[in-house]
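Read the structure below first, then the notes.
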Amino acid sequence: MADSPWSWRTRLLFLVQVGCWGLNYPFVVLGLGSAAPLWLAFLRTGTGLIASAAVVSVVGGWGALDRRGRRDAALLGLLNATAFFGLWFWAAGFVTPGIAAILVYTFPLWVALLSLPVLGVRLGPVQWGSVAVGFAGVVLVSGATGGSTPIPLVAALALGLAAIAWAVGTVLTRRRFHRDQMLEANVYQLLGGTAGLLLAVAVLEPVPLPRASPDLLLSVLWLGVLGTAVAYSIWYFLLGRTVAARLSAYLFLVPVVALAASAAFFGERLSAAQFGGVALVLLSIYGVSRGSRELNPSDEAPASV
């Protein structure tokens, strides 16, 4: 498919999608004031599941998957939703939204590293260099070099594991499903992820129950309806209208939105070292995504949050 110029509508939709995903991070912090992390993750996936199923019904997207496809999508939801959201939401209680977004968005680096063994895609010099730059940026962001307040190691590890879980799930999803199956597969991934989070809640966080509040309602509606159902629908719509590698290259804007929102709502400020680390991570995300154009221009772009 040729990469045609974006219309004003396409650009507007992309900005809405990036805004939805970027603002997910402060809304997680808002929701954690009324619900434990796994409860909030469960409420997000459950709401997203209902809203996404409604979207698929409206656009007539059912029937793309057979029984095995539905089963595989549900199993992948244990990585893409249960592990990813569970680890991210837990760590969000220890770090600011902007830092959480930067560490989560190391996932393109992990996707690049996993592409050879899983997808058979070899990395080029630009991608290898971008991966190295990205991990150097992570060290600076975490404050491990001194001169800034380091984030808790356990939180950094949890966010790193969340990014890896998302990357593994993304690569396996890209290998298993075709583009026209993605919208329905997303619903079944949310179904599997919701079931996994419900089990995790029952075992790890049965009490306290979420406290009903306007903040919790707003958080769940944003994360489930806008941050999941609406943003994913826009994503798959755009995938049919531009080359996936080009679209992926601009996902580096998501942590930029998260950082800006965190600064505006929570007064987040970065040290000089962390600011340099953010710049390196964003540069590496862009480099990895742009480098994929030469390697596999027709490949499916990853789903995001």
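Each chain in the structure tokens gets a letter, A, B and so on, in the order shown; residues start at 1 in every chain, and ligands are counted from 1 in the order they appear.
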Which of segment 34-178 of chain A fall in alpha helix (DSSP H), as a tab-separated table (two decimals) with C-alpha atoms, in the first residue's frame:
```
chain	number	residue	atom	x	y	z
A	37	PRO	CA	-4.17	-0.88	41.36
A	38	LEU	CA	-5.52	-4.27	40.27
A	39	TRP	CA	-9.09	-3.17	40.88
A	40	LEU	CA	-8.54	-0.11	38.71
A	41	ALA	CA	-6.92	-2.22	35.97
A	42	PHE	CA	-9.88	-4.62	36.11
A	43	LEU	CA	-12.36	-1.75	35.86
A	44	ARG	CA	-10.47	-0.33	32.88
A	45	THR	CA	-10.38	-3.59	30.93
A	46	GLY	CA	-13.97	-4.44	31.79
A	47	THR	CA	-15.23	-1.04	30.65
A	48	GLY	CA	-12.99	-1.17	27.60
A	49	LEU	CA	-14.30	-4.63	26.76
A	50	ILE	CA	-17.93	-3.47	26.78
A	51	ALA	CA	-17.20	-0.29	24.82
A	52	SER	CA	-14.97	-2.09	22.29
A	53	ALA	CA	-17.59	-4.79	21.71
A	54	ALA	CA	-20.11	-2.02	21.02
A	55	VAL	CA	-17.75	-0.43	18.49
A	56	VAL	CA	-17.24	-3.76	16.68
A	57	SER	CA	-21.02	-4.29	16.60
A	58	VAL	CA	-21.60	-0.83	15.10
A	59	VAL	CA	-18.98	-1.25	12.36
A	67	ARG	CA	-12.69	-20.41	17.39
A	68	ARG	CA	-8.93	-20.85	17.53
A	69	GLY	CA	-8.44	-17.17	16.76
A	70	ARG	CA	-10.75	-16.14	19.58
A	71	ARG	CA	-8.95	-18.50	21.96
A	72	ASP	CA	-5.51	-17.24	20.97
A	73	ALA	CA	-6.57	-13.62	21.31
A	74	ALA	CA	-7.95	-14.27	24.80
A	75	LEU	CA	-4.70	-15.94	25.84
A	76	LEU	CA	-2.65	-13.03	24.49
A	77	GLY	CA	-4.81	-10.78	26.63
A	84	PHE	CA	0.76	-5.08	31.31
A	85	PHE	CA	-2.01	-3.12	33.04
A	86	GLY	CA	-1.50	-4.87	36.38
A	87	LEU	CA	2.21	-4.05	36.58
A	88	TRP	CA	1.81	-0.53	35.18
A	89	PHE	CA	-1.05	0.44	37.49
A	90	TRP	CA	0.76	-0.95	40.54
A	91	ALA	CA	3.96	0.97	39.73
A	97	PRO	CA	2.73	9.86	35.21
A	98	GLY	CA	5.40	11.30	32.92
A	99	ILE	CA	8.13	8.97	34.18
A	100	ALA	CA	5.73	6.01	34.01
A	101	ALA	CA	4.94	6.82	30.38
A	102	ILE	CA	8.62	7.08	29.42
A	103	LEU	CA	9.50	3.73	31.01
A	104	VAL	CA	6.43	1.99	29.56
A	107	PHE	CA	8.33	-1.21	24.58
A	108	PRO	CA	9.35	-0.37	20.96
A	109	LEU	CA	12.93	-1.17	21.99
A	110	TRP	CA	11.85	-4.57	23.29
A	111	VAL	CA	9.73	-5.15	20.18
A	112	ALA	CA	12.80	-4.44	18.04
A	113	LEU	CA	14.89	-6.93	20.01
A	114	LEU	CA	12.17	-9.59	19.77
A	125	PRO	CA	22.25	-0.11	12.13
A	126	VAL	CA	19.75	2.68	12.85
A	127	GLN	CA	17.63	0.38	14.98
A	128	TRP	CA	20.56	-1.12	16.90
A	129	GLY	CA	21.86	2.37	17.60
A	130	SER	CA	18.38	3.51	18.66
A	131	VAL	CA	18.04	0.57	21.08
A	132	ALA	CA	21.37	1.44	22.72
A	133	VAL	CA	20.44	5.12	22.98
A	134	GLY	CA	17.07	4.20	24.46
A	135	PHE	CA	18.45	2.10	27.26
A	136	ALA	CA	21.00	4.78	28.07
A	137	GLY	CA	18.08	7.17	28.37
A	138	VAL	CA	16.28	4.78	30.75
A	139	VAL	CA	19.32	4.80	33.05
A	140	LEU	CA	19.21	8.61	33.17
A	141	VAL	CA	15.44	8.73	33.69
A	153	LEU	CA	13.88	0.27	41.96
A	154	VAL	CA	10.88	-2.02	42.38
A	155	ALA	CA	8.68	0.46	40.48
A	156	ALA	CA	11.22	0.77	37.67
A	157	LEU	CA	11.42	-3.02	37.43
A	158	ALA	CA	7.63	-3.33	37.38
A	159	LEU	CA	7.34	-0.78	34.57
A	160	GLY	CA	10.14	-2.51	32.68
A	161	LEU	CA	8.38	-5.86	33.03
A	162	ALA	CA	5.13	-4.22	31.93
A	163	ALA	CA	6.85	-2.93	28.79
A	164	ILE	CA	8.34	-6.36	28.11
A	165	ALA	CA	4.95	-8.08	28.59
A	166	TRP	CA	3.37	-5.60	26.18
A	167	ALA	CA	6.21	-6.10	23.68
A	168	VAL	CA	5.96	-9.90	23.78
A	169	GLY	CA	2.18	-9.72	23.43
A	170	THR	CA	2.49	-7.23	20.58
A	171	VAL	CA	4.98	-9.32	18.62
A	172	LEU	CA	2.91	-12.48	19.07
A	173	THR	CA	-0.25	-10.62	18.09
A	174	ARG	CA	1.42	-9.28	14.95
A	175	ARG	CA	2.51	-12.80	14.05
A	176	ARG	CA	-0.87	-14.41	14.74
```
For Phe237 of chain A, please output as a list of chain:residue names all residues within 12 Å (counting only C-alpha atoms; exclusion window: fewer than 6 positions along the same chain).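 Result of the neighbour search: A:Arg9, A:Thr10, A:Leu13, A:Phe14, A:Gln17, A:Val59, A:Arg179, A:Asp180, A:Met182, A:Leu183, A:Val230, A:Ala231, A:Val243, A:Ala244, A:Leu247.
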Can you write just those residues out, N, CA and C atoms, as a short mmCIF file (atom, residue, chain, number, x, y, z; two decimals), in the first residue's frame?
```
data_model
loop_
_atom_site.label_atom_id
_atom_site.label_comp_id
_atom_site.auth_asym_id
_atom_site.auth_seq_id
_atom_site.Cartn_x
_atom_site.Cartn_y
_atom_site.Cartn_z
N ARG A 9 -8.48 15.43 8.21
CA ARG A 9 -9.25 14.54 9.09
C ARG A 9 -8.36 13.46 9.68
N THR A 10 -7.46 12.90 8.85
CA THR A 10 -6.56 11.88 9.35
C THR A 10 -5.65 12.42 10.43
N LEU A 13 -7.69 12.94 13.65
CA LEU A 13 -7.96 11.67 14.33
C LEU A 13 -6.71 11.16 15.05
N PHE A 14 -5.56 11.30 14.41
CA PHE A 14 -4.32 10.84 15.03
C PHE A 14 -4.03 11.65 16.30
N GLN A 17 -6.23 10.38 19.03
CA GLN A 17 -5.75 9.09 19.51
C GLN A 17 -4.54 9.27 20.43
N VAL A 59 -19.67 -1.23 13.65
CA VAL A 59 -18.98 -1.25 12.36
C VAL A 59 -19.11 -2.59 11.65
N ARG A 179 -4.39 -7.74 9.70
CA ARG A 179 -4.90 -6.42 10.04
C ARG A 179 -6.42 -6.40 10.13
N ASP A 180 -7.12 -7.11 9.22
CA ASP A 180 -8.57 -7.09 9.25
C ASP A 180 -9.16 -7.89 10.40
N MET A 182 -7.76 -7.49 13.56
CA MET A 182 -7.27 -6.86 14.77
C MET A 182 -8.37 -6.29 15.64
N LEU A 183 -9.39 -5.69 15.04
CA LEU A 183 -10.43 -5.05 15.83
C LEU A 183 -11.18 -6.07 16.67
N VAL A 230 -12.28 3.99 22.00
CA VAL A 230 -12.20 5.03 20.96
C VAL A 230 -10.82 5.09 20.34
N ALA A 231 -9.76 5.11 21.20
CA ALA A 231 -8.40 5.23 20.68
C ALA A 231 -8.02 4.04 19.81
N VAL A 243 0.93 3.79 5.74
CA VAL A 243 1.88 2.73 6.05
C VAL A 243 2.07 2.63 7.55
N ALA A 244 2.02 1.40 8.06
CA ALA A 244 2.07 1.19 9.51
C ALA A 244 3.35 1.74 10.13
N LEU A 247 3.04 5.45 10.72
CA LEU A 247 2.12 5.73 11.81
C LEU A 247 2.79 5.45 13.16
#
```
Residue nearest Asn24 of chain A - candidates A:Leu223, A:Ala212, A:Ala229, A:Leu204, atoms counted: only C-alpha atoms: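 Going through A:Leu223, A:Ala212, A:Ala229, A:Leu204 one by one, the smallest distance to Asn24 of chain A is for A:Leu223.
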With only C-alpha atoms as the basis for distance, which of A:Leu209, A:Cys20, A:Val187, A:Val29 is at the shortest distance from Asn80 of chain A?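 Checking each of A:Leu209, A:Cys20, A:Val187, A:Val29 against Asn80 of chain A, counting only C-alpha atoms, the winner is A:Val187.
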Please provide the set of residues having any atom within 9 Å of Leu78 of chain A, restricted to only C-alpha atoms, with same-chain residues fewer than 5 positions apart removed, written as a ChimeraX atom specification. /A:83-84,169,189-190,192-197
Pick from A:Val28, A:Ala36, A:Ile234, A:Val203, whichever lies nearest to Arg11 of chain A using only C-alpha atoms: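 Closest candidate: A:Ile234.
A straight line drawn from atom CA of Gly93 of chain A to atom CA of Gly33 of chain A is 9.3 Å long.
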